[in-house]
Each structure stands twice: as structure tokens, then as C-alpha cells.
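A.B. asks: Before anything else, here's the structure in question.
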Amino acid sequence: MALSPIVEAEAKKRRTFAIISHPDAGKTTLTEKLLLFGGAIHLAGEVKAKGERRRARSDWMKIEQQRGISVSTSVMTFDYGGCTFNLLDTPGHEDFSEDTYRTLTAVDSAVMVIDAAKGIEPQTLKLFQVCRMRDVPIMAFINKMDREAKDPIELLDEIASRLALDVAPMNWPIGMGQNFRGVLERESGRLTLLGDASEPEQTIADRRSNSLADRVPAAQLADLDETMELVDGALPHFDVQSYREGHLSPAFFGSALRTFGIRALLDGLVAYAPPPRPQASVDREIEPGEDKVAGFVFKVQANMDPKHRDRVAFVRLCSGRFMRGMKLTMVRHAKQLAVSNPIFFMAGDRELADEAWPGDIIGVPNHGQLRVGDALTEGEPIKFTGIPNFAPEILMRVRLGDPMRAKHLRKALEDLAEEGVTQVFRPMIGADWIVGVVGQLQLDVLKTRLEAEYNLPIDFESAPYVTARWCDADDSRALDAFRTQKKSSLAEDRDGNPVYLARNTWDLNRIQDDFPAIRFTETRERA
Ligand code: GDP
């Protein structure tokens, strides 16, 4: 393998990240404001209709109309501070699915939005745990400081203890709710005050500045001085290495709605967030600066219209310079694919519109050849690792209307599982297939596609399980004994791996205590 200085330089400028949060914390509002600062939109919500950007956008819309696949919000690209940012959408609310988790395997860092009144909420915690598996560095944006919030020290304490993470405040809020005045930057001592809609932030160089007294009541300033002494003594300071290793989160206080604190967050991402990392594969790590293109599929979006069976595979580029029309090898099939109609999420200059670099995402239209986890390469064949299946959180029995078609169902479920739509489990006792997903949407997609593409009308019936764990052991005899003893709670995944189906959390804890020689894992590499 050879390195290319041009590829290395482009890779260094990339910041590929996702926002993790619980519904309503302010992800959409923050996204709009990030795009606003990045110049991708004029006013929040209004897409900039100009030159290349308009072309890029109308290209997507054409593709969306032709193919019935909504891609335009999946990746948002903007430039800021000399960097190109790729913000990958992590669908929440009713769109929550295994794709939400898998998107986190395609980013180099994450921003965790926390509602200052609520602290850590369940979905944030789940997504955080997925980030932690890969030590993805996380910045925290403590949102809604213009509302009544928890006490900031208690809030950071809560985050630190619930996530087992050091949290280093980068700035400190002056008041909250109606009395929110702005923030004090911890290292520089500079103040940024909350302004109005036309100028949301006003910077004051120094705590001792005379103009401060007109803007912030004396009592609040005295309070701030006192708190800062406490904060500096008690809370961790930022350390870039610890952040990049995933042990420490810098925290920025702000209000997305009031466009306050966004710049500080972006500056933090430019200065500290990691550029594309080397990507693990079975044989070696792929360096972003390598001259040959390599990328992996982390998501496949299918057309829900049965007349159009097209798919778009979302490919995260890991190395090399990708250009439109390039022929890449689909490693699993050992076949070439001419990528003549890639969907670019780049909104850059004209010269850049036909190429993409490490850290960028391209959409590759295909007829179903590409599946989650697949590698596309220009050089040697590569099998990437780190794009696993995640333990399901909803398990359902599949009931087939016509029992004569059981074989067809098996084939269809295996196909769709391989594509990444669902996971399938075959209980060791009993005949019904069990499907496992992490969000309701996946079940809807599965049902629709089974009917439209395979002519298999099915129903779901609830199964008495809350989650599943893959089972593994160093001692094969221990695994065999476990299999025999627990047969009624075991199933096999589509690769024949044993999976424990847990009826509740108590049951899951108990089984782990009872069988210490068995590893129960929440993820499993796709075969
Ligand atoms: P999402 O579900 O995480 O995408 O959250 P949204 O961005 O849709 O925000 C949820 C609600 O919180 C909306 O009504 C927003 O206007 C509101 N919101 C978001 N950020 C702020 C903030 O900084 N301050 C206040 N007061 N409200 C906010």
C-alpha cells in the first residue's frame, strides 16, 4: 500500500460525525444551526439555492422521485473553519432502527445533545453505549440553557457518573432560564453574552471589562466568580488525548434555539475532533491517506415501491480519492461495479462535485448486490470489521398465512437479514421464526417488503423475549453443556451462532451469573 499526500491532506480536513440525543433534546434545531453556520442554508430551514448546491440538491430530488428513496437528509455536508463536515443523520423517534446504531460505526466522533432540564435520557444512553464500543470521542452540547435547567454542577456530575466518563466544561453558563446571560470561556476567560435575534452572541474580552457591568447584574457576576473557583478546583480540564481516546467529554453550554454556543461547539470540532481514523479490517488497518479507494456499506435504503427494486447503499469512504465513473470491486462477489451514478453529499466547489475523499459518504445506486458490511475497493480485497449486528430490542414471531410456503419464507427472511433489514433467529425448539429489530419501523419495512417483493403476507405475534445475546466461550465443552441445558431459551442466528433469548433483565442477569464461562455479547460481527 502507498500513501498519497493529496489524499492525506483532504482526509485531515474531514470531520465525519453524528448527533446522539433523546427525542426533543434539540437535535433538529442544532442541526439547522450548524448548517446555518456552515453556509449550507441562509435561514434555518431554507436551503440555499445557488450554483452547485442547487444542482446537487435537485440531483437528489430527481433520484428520490425516480427511485422513491429519500436520501437528502441522510448526510449533511457543510464547510466551516477550513474543514468539511459530514453530519450523518441518526434517525430517532419512530424511525429508530438498527441503522441508527450502524450509522455510528461510520463516524469518527459524535456530539451528544443533552436537554439541560432533563440530563441523560434513555435513548442518549443507548446511543452513547454504541459509541463507547468503538471509543468514539464525544462532545456534549448542554442545550436549552434559556430555560430553567438543572444546576450545572449537578448536571455534569450526573453525566459523568451515569456514563462513567470525565466531563470537562469548556464554558460555564451565567444564569439560566430568563436570567441566562451567556457563558464564560473557561480557558481564555472570555465572555460571550446572549444577544438578540440579529446578533445572538456578543463577545467581551475579559471578566473585568467595564461594559460587563451594564449587561450582567452584579449579583450574578459575584456568583459566577464564586462558582468558577469551585469549578476550576473540582471539575476536570480538557485534555485532547483523553477526549480522542473516548475517556473525556468536553461540554459546551448553549441554546440551539437562540443560536447561542454553536460557534464554540464548531470551533471545538475543528480544533479537536478527529479526522478519519484508520479502519480495521481482518488483515490490517486501512489508513485514510492510502492512494487506493476503499469503503464500506453501513446502510442500505430500499425503494418501498415494488415496481422499483433499486437500492441505495451508503458507503463510508475510508481511503483514496473516489471519482465518478470509477470501477470498484465488490469484495464479497469478487465482481466489478462501475459507480457511474454516485450520489454525492458534497456541497462544495464545481471541481469537487465529482469526487469524494476519506470520511465522505457516497450513495451507490444498485440492484440489491450491496449489503451492510460489504467492502468496495480499488485495490486488494478487504474485509472490514466493526460493522456488527446489534442485539435486538423487539422480538416477534413471524406467522405465515400460507403454511405451504414456509421454505419461501425462510429464503426471504435470510435475504432480508443479510441485507440488514432485520435479524432472524431460529429457536432450537419450535418451528416459528423469530425476527429481532431495534425499532418498530424495521418491522413495518419487513412486512411491506415480504409482501411486495416475495408475495408473502405475514403477521407478527409478540414473542416473550425482551432482548437477545450472542453466546460464546473459550471452552467448547462449557458451551455445549450450556446449549443442552438451556435449549428451550436458545436460538441460532442466520450464521448458526447460538443466541440466548432473554425474557426480562432479571433473567439475563441470572443466566450470566449461572454460566460464568459463557460470554453474552450485545453485538456480533456479520459473517
Ligand atoms: P429533536 O427531537 O431532538 O430533533 O428536537 P427539536 O430540535 O425538534 O426540538 C424539540 C423542541 O425543543 C422544539 O420545540 C424546539 O423549538 C425546542 N428547543 C430546541 N432547542 C431549544 C433551546 O435551546 N431552547 C428552548 N427553549 N427550546 C429549544
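Going through the C-alpha cells in order, the chains are called A, B, and so on, while each chain numbers its residues from 1 and the ligands are numbered from 1 in the order shown.
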Counting only C-alpha atoms and all ligand atoms, what are the residues, protein, DNA or RNA alike, that approach ligand 1 to within 12 Å? I want them as a PyMOL selection string.
C.D. replies: chain A and resi 19-34+44-45+89-95+112-117+121+123-124+141-149+176-178+180+194+253-262
A.B. asks: Kindly export the residues of the current selection with C-alpha atoms, as a tab-separated table (two decimals), in the first residue's frame.
C.D. replies:
```tsv
chain	number	residue	atom	x	y	z
A	19	ILE	CA	-25.52	13.76	16.78
A	20	ILE	CA	-26.77	11.47	19.51
A	21	SER	CA	-29.70	12.52	21.66
A	22	HIS	CA	-33.09	11.64	23.04
A	23	PRO	CA	-36.13	12.91	21.11
A	24	ASP	CA	-36.88	16.58	21.86
A	25	ALA	CA	-33.46	17.43	23.25
A	26	GLY	CA	-32.89	19.70	20.24
A	27	LYS	CA	-31.07	17.65	17.60
A	28	THR	CA	-33.04	19.12	14.70
A	29	THR	CA	-32.65	22.66	15.95
A	30	LEU	CA	-28.92	22.20	16.49
A	31	THR	CA	-28.52	20.61	13.04
A	32	GLU	CA	-30.22	23.60	11.41
A	33	LYS	CA	-27.97	25.99	13.24
A	34	LEU	CA	-24.82	24.04	12.32
A	44	ALA	CA	-32.74	27.90	9.37
A	45	GLY	CA	-34.84	25.59	7.23
A	89	ASP	CA	-28.33	11.54	10.47
A	90	THR	CA	-29.18	9.15	13.28
A	91	PRO	CA	-32.92	8.61	12.83
A	92	GLY	CA	-34.80	8.83	16.11
A	93	HIS	CA	-38.47	8.92	17.11
A	94	GLU	CA	-40.45	6.38	15.09
A	95	ASP	CA	-37.58	5.95	12.60
A	112	MET	CA	-24.29	14.39	22.39
A	113	VAL	CA	-27.13	16.87	22.83
A	114	ILE	CA	-28.49	16.99	26.35
A	115	ASP	CA	-31.58	18.85	27.49
A	116	ALA	CA	-30.27	20.81	30.48
A	117	ALA	CA	-33.50	20.25	32.37
A	121	GLU	CA	-32.29	10.22	28.90
A	123	GLN	CA	-32.05	6.97	24.03
A	124	THR	CA	-28.97	9.08	24.66
A	141	PHE	CA	-23.78	20.18	23.98
A	142	ILE	CA	-25.86	21.14	27.01
A	143	ASN	CA	-28.90	22.63	25.34
A	144	LYS	CA	-31.83	24.82	26.39
A	145	MET	CA	-29.95	26.96	28.91
A	146	ASP	CA	-32.52	29.66	28.13
A	147	ARG	CA	-34.98	27.52	30.07
A	148	GLU	CA	-34.99	26.53	33.71
A	149	ALA	CA	-32.36	23.83	33.96
A	176	MET	CA	-30.27	30.07	33.28
A	177	GLY	CA	-33.82	30.45	32.02
A	178	GLN	CA	-34.91	34.07	31.92
A	180	PHE	CA	-29.43	33.28	31.17
A	194	LEU	CA	-26.57	36.32	24.79
A	253	PHE	CA	-23.38	25.09	27.35
A	254	GLY	CA	-25.74	26.85	24.97
A	255	SER	CA	-29.13	27.25	23.44
A	256	ALA	CA	-29.67	25.93	19.94
A	257	LEU	CA	-32.94	27.81	19.65
A	258	ARG	CA	-31.29	31.13	20.43
A	259	THR	CA	-28.30	30.28	18.15
A	260	PHE	CA	-26.09	30.51	21.19
A	261	GLY	CA	-22.99	28.39	21.76
A	262	ILE	CA	-22.97	26.94	18.24
```
A.B. asks: What's the 9 Å shell around Pro152 in chain A, counting only C-alpha atoms, without same-chain residues fewer than 4 positions away, as a list in words?
C.D. replies: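 Contacts, in chain order: Ala116, Leu156, Asp157, Trp172 and Pro173 of chain A.
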A.B. asks: May I have the residues from that selection written out with N, CA and C atoms, as a PDB file, in the first residue's frame?
C.D. replies:
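The file below, out-v5.pdb, is the result:
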```
ATOM      1  N   ALA A 116     -30.835  20.435  29.170  1.00  0.00           N
ATOM      2  CA  ALA A 116     -30.272  20.807  30.475  1.00  0.00           C
ATOM      3  C   ALA A 116     -31.244  20.586  31.626  1.00  0.00           C
ATOM      4  N   LEU A 156     -23.461  18.077  35.307  1.00  0.00           N
ATOM      5  CA  LEU A 156     -22.219  17.482  34.791  1.00  0.00           C
ATOM      6  C   LEU A 156     -21.824  16.259  35.619  1.00  0.00           C
ATOM      7  N   ASP A 157     -22.102  16.357  36.914  1.00  0.00           N
ATOM      8  CA  ASP A 157     -21.846  15.230  37.794  1.00  0.00           C
ATOM      9  C   ASP A 157     -22.664  14.016  37.376  1.00  0.00           C
ATOM     10  N   TRP A 172     -18.820  28.082  30.905  1.00  0.00           N
ATOM     11  CA  TRP A 172     -19.694  27.950  32.067  1.00  0.00           C
ATOM     12  C   TRP A 172     -20.842  28.938  31.941  1.00  0.00           C
ATOM     13  N   PRO A 173     -22.075  28.459  32.195  1.00  0.00           N
ATOM     14  CA  PRO A 173     -23.228  29.343  31.981  1.00  0.00           C
ATOM     15  C   PRO A 173     -23.340  30.420  33.062  1.00  0.00           C
TER      16      PRO A 173
END
```
A.B. asks: If you measure from CA of Phe78 in chain A to CA of Tyr272 in chain A, what distance in Å do you get, rounded to one decimal?
C.D. replies: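 Straight-line distance from CA of Phe78 in chain A to CA of Tyr272 in chain A works out to 17.5 Å.
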A.B. asks: Taking only range 144-392 of chain A into account, list the residues labelled helix (DSSP H, G or I) by DSSP (computed from the backbone), as a VMD selection string.
C.D. replies: chain A and resid 152 to 163 177 to 179 210 to 215 218 to 234 240 to 244 262 to 272
A.B. asks: Using only C-alpha atoms, can you tell me which of A:Glu285, A:Glu154, A:Asp432, A:Asp267 comes closest to Val231 in chain A?
C.D. replies: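 Selected residue with least distance to Val231 in chain A: A:Glu154.
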A.B. asks: Please determine, counting only C-alpha atoms, which residue among A:Thr227, A:Thr523, A:Thr77, A:Ser249 has the shortest atom-to-atom distance to Arg15 in chain A.
C.D. replies: A:Thr77
A.B. asks: Write down as a PyMOL selection string the residues belonging to range 260-353 of chain A that are assigned strand (DSSP E or B) by DSSP computed on the backbone.
C.D. replies: chain A and resi 260+279-281+285-286+290+294-302+311-319+322-323+327-330+335-338+343-344
A.B. asks: For those residues, write N, CA and C atoms to a file as a short mmCIF file (atom, residue, chain, number, x, y, z; two decimals), in the first residue's frame.
C.D. replies:
```cif
data_model
loop_
_atom_site.label_atom_id
_atom_site.label_comp_id
_atom_site.auth_asym_id
_atom_site.auth_seq_id
_atom_site.Cartn_x
_atom_site.Cartn_y
_atom_site.Cartn_z
N PHE A 260 -27.14 30.14 20.23
CA PHE A 260 -26.09 30.51 21.19
C PHE A 260 -25.23 29.30 21.55
N GLN A 279 -9.23 2.37 9.52
CA GLN A 279 -10.37 1.47 9.65
C GLN A 279 -9.89 0.03 9.78
N ALA A 280 -10.41 -0.68 10.76
CA ALA A 280 -9.96 -2.05 10.99
C ALA A 280 -10.49 -3.00 9.92
N SER A 281 -9.64 -3.90 9.48
CA SER A 281 -10.11 -4.98 8.60
C SER A 281 -9.48 -6.26 9.11
N GLU A 285 -4.98 -2.57 9.21
CA GLU A 285 -5.74 -1.33 9.30
C GLU A 285 -5.58 -0.54 8.01
N ILE A 286 -6.66 0.04 7.52
CA ILE A 286 -6.60 0.83 6.30
C ILE A 286 -6.40 2.29 6.70
N GLU A 290 -4.16 6.33 2.27
CA GLU A 290 -3.76 5.40 1.20
C GLU A 290 -4.32 5.86 -0.14
N ALA A 294 -11.05 2.68 -0.72
CA ALA A 294 -11.71 1.58 -0.02
C ALA A 294 -12.83 2.19 0.81
N GLY A 295 -13.94 1.49 0.88
CA GLY A 295 -15.06 1.98 1.67
C GLY A 295 -15.95 0.83 2.06
N PHE A 296 -16.84 1.08 3.03
CA PHE A 296 -17.77 0.02 3.44
C PHE A 296 -19.20 0.53 3.47
N VAL A 297 -20.12 -0.40 3.25
CA VAL A 297 -21.55 -0.07 3.28
C VAL A 297 -22.03 -0.13 4.72
N PHE A 298 -22.63 0.96 5.21
CA PHE A 298 -23.15 0.91 6.58
C PHE A 298 -24.66 0.98 6.61
N LYS A 299 -25.26 1.18 5.44
CA LYS A 299 -26.72 1.28 5.43
C LYS A 299 -27.19 1.06 4.00
N VAL A 300 -28.32 0.37 3.86
CA VAL A 300 -28.90 0.19 2.53
C VAL A 300 -30.34 0.69 2.61
N GLN A 301 -30.68 1.57 1.70
CA GLN A 301 -32.04 2.06 1.70
C GLN A 301 -32.76 1.51 0.48
N ALA A 302 -33.91 0.90 0.68
CA ALA A 302 -34.62 0.27 -0.43
C ALA A 302 -35.84 1.09 -0.79
N ARG A 311 -31.90 0.07 -4.93
CA ARG A 311 -31.44 0.37 -3.58
C ARG A 311 -30.37 1.45 -3.67
N VAL A 312 -30.19 2.14 -2.57
CA VAL A 312 -29.02 3.00 -2.46
C VAL A 312 -28.20 2.48 -1.28
N ALA A 313 -26.94 2.15 -1.56
CA ALA A 313 -26.05 1.73 -0.47
C ALA A 313 -25.27 2.97 -0.04
N PHE A 314 -25.24 3.22 1.25
CA PHE A 314 -24.46 4.33 1.78
C PHE A 314 -23.07 3.81 2.10
N VAL A 315 -22.10 4.38 1.41
CA VAL A 315 -20.73 3.90 1.55
C VAL A 315 -19.89 4.96 2.25
N ARG A 316 -19.27 4.55 3.34
CA ARG A 316 -18.33 5.44 4.01
C ARG A 316 -16.96 5.20 3.39
N LEU A 317 -16.38 6.24 2.80
CA LEU A 317 -15.04 6.10 2.23
C LEU A 317 -14.01 6.12 3.33
N CYS A 318 -13.08 5.18 3.26
CA CYS A 318 -12.05 5.07 4.30
C CYS A 318 -10.69 5.51 3.79
N SER A 319 -10.48 5.43 2.47
CA SER A 319 -9.18 5.82 1.93
C SER A 319 -9.33 6.17 0.46
N PHE A 322 -12.02 9.09 -4.47
CA PHE A 322 -13.08 8.49 -5.28
C PHE A 322 -13.52 9.47 -6.36
N MET A 323 -13.68 8.96 -7.58
CA MET A 323 -14.21 9.80 -8.67
C MET A 323 -15.37 9.11 -9.36
N LYS A 327 -14.42 2.25 -11.38
CA LYS A 327 -14.82 0.84 -11.21
C LYS A 327 -14.25 0.33 -9.89
N LEU A 328 -15.11 -0.16 -9.06
CA LEU A 328 -14.65 -0.69 -7.77
C LEU A 328 -15.03 -2.16 -7.66
N THR A 329 -14.23 -2.88 -6.87
CA THR A 329 -14.54 -4.30 -6.68
C THR A 329 -15.49 -4.47 -5.51
N MET A 330 -16.57 -5.22 -5.75
CA MET A 330 -17.45 -5.60 -4.65
C MET A 330 -16.82 -6.86 -4.08
N LYS A 335 -16.55 -9.05 -7.83
CA LYS A 335 -17.02 -8.54 -9.12
C LYS A 335 -16.84 -7.03 -9.14
N GLN A 336 -16.71 -6.52 -10.37
CA GLN A 336 -16.54 -5.08 -10.51
C GLN A 336 -17.90 -4.38 -10.58
N LEU A 337 -17.92 -3.16 -10.06
CA LEU A 337 -19.13 -2.34 -10.15
C LEU A 337 -18.68 -0.98 -10.66
N ALA A 338 -19.25 -0.56 -11.79
CA ALA A 338 -18.92 0.78 -12.29
C ALA A 338 -19.84 1.77 -11.57
N ILE A 343 -24.31 9.18 -5.64
CA ILE A 343 -24.97 10.35 -5.08
C ILE A 343 -23.95 11.00 -4.15
N PHE A 344 -23.61 12.24 -4.48
CA PHE A 344 -22.64 12.95 -3.65
C PHE A 344 -23.37 13.79 -2.63
#
```
A.B. asks: Using only C-alpha atoms, determine which residues lie at most 7 Å from range 477-494 of chain A, disregarding the query and same-chain residues fewer than 2 positions distant; provide the list as a list in words.
C.D. replies: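 Near neighbours after the sequence-gap exclusion: Glu414, Val424, Phe425, Arg426, Pro427, Met428, Ile429, Asp472, Ala473, Asp475, Gly496, Asn497, Pro498, Val499, Tyr500, Leu501, Ala517 and Ile518 of chain A.
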A.B. asks: So, counting only C-alpha atoms, which residue among A:Arg371, A:Ser161, A:Thr377, A:Asp108 is closest to Arg244 in chain A?
C.D. replies: A:Asp108
A.B. asks: So, with only C-alpha atoms as the atoms that count, which of A:Leu221, A:Ala18, A:Leu456, A:Ile204 lies closest to Ile138 in chain A?
C.D. replies: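 Residue with the minimum atom-to-atom distance to Ile138 in chain A: A:Ala18.
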A.B. asks: Quick one: residues within 10 Å of Tyr454 in chain A, only C-alpha atoms, excluding same-chain residues fewer than 6 positions away - as a ChimeraX atom specification?
C.D. replies: /A:306,408-409,411-413,448
A.B. asks: Just C-alpha atoms for this one: save the residues we selected as a PDB file, in the first residue's frame.
C.D. replies:
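Final output, saved to out.pdb:
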```pdb
ATOM      1  CA  PRO A 306     -42.484  -2.821  -5.568  1.00  0.00           C
ATOM      2  CA  HIS A 408     -40.069 -19.359   0.717  1.00  0.00           C
ATOM      3  CA  LEU A 409     -40.370 -17.511   3.977  1.00  0.00           C
ATOM      4  CA  LYS A 411     -35.323 -17.778   1.994  1.00  0.00           C
ATOM      5  CA  ALA A 412     -36.935 -14.336   2.112  1.00  0.00           C
ATOM      6  CA  LEU A 413     -36.072 -13.775   5.768  1.00  0.00           C
ATOM      7  CA  THR A 448     -44.116  -4.466   3.421  1.00  0.00           C
TER       8      THR A 448
END
```
A.B. asks: In terms of the shortest atom-to-atom distance over only C-alpha atoms, which of A:Thr203, A:Gln442, A:Thr105, A:Thr84 is closest to Asp135 in chain A?
C.D. replies: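 Of all the options, A:Thr105 lies closest to Asp135 in chain A.
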A.B. asks: Give me, please, the distance in Å between CA of Phe96 in chain A and CA of Leu127 in chain A, quoted to one decimal.
C.D. replies: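 Straight-line distance from CA of Phe96 in chain A to CA of Leu127 in chain A works out to 10.9 Å.
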A.B. asks: Pick out the residues sitting within 6 Å of Val437 in chain A, and hand them over as a list of chain:residue names; count only C-alpha atoms, and ignore anything fewer than 3 positions along from it in its own chain.
C.D. replies: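 Close residues of Val437 in chain A: A:Pro392, A:Ile394, A:Thr422.
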A.B. asks: Measuring atom to atom with only C-alpha atoms, identify which of A:Pro457, A:Pro388, A:Gly320, A:Pro358 is nearest to Thr103 in chain A.
C.D. replies: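 Closest residue, counting only C-alpha atoms: A:Pro388.
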A.B. asks: Report as number ranges by chain all protein, DNA and RNA residues lying within 6 Å of Cys83 in chain A, evaluated on only C-alpha atoms, omitting residues in the same chain fewer than 4 positions from it.
C.D. replies: A: 13-14, 79
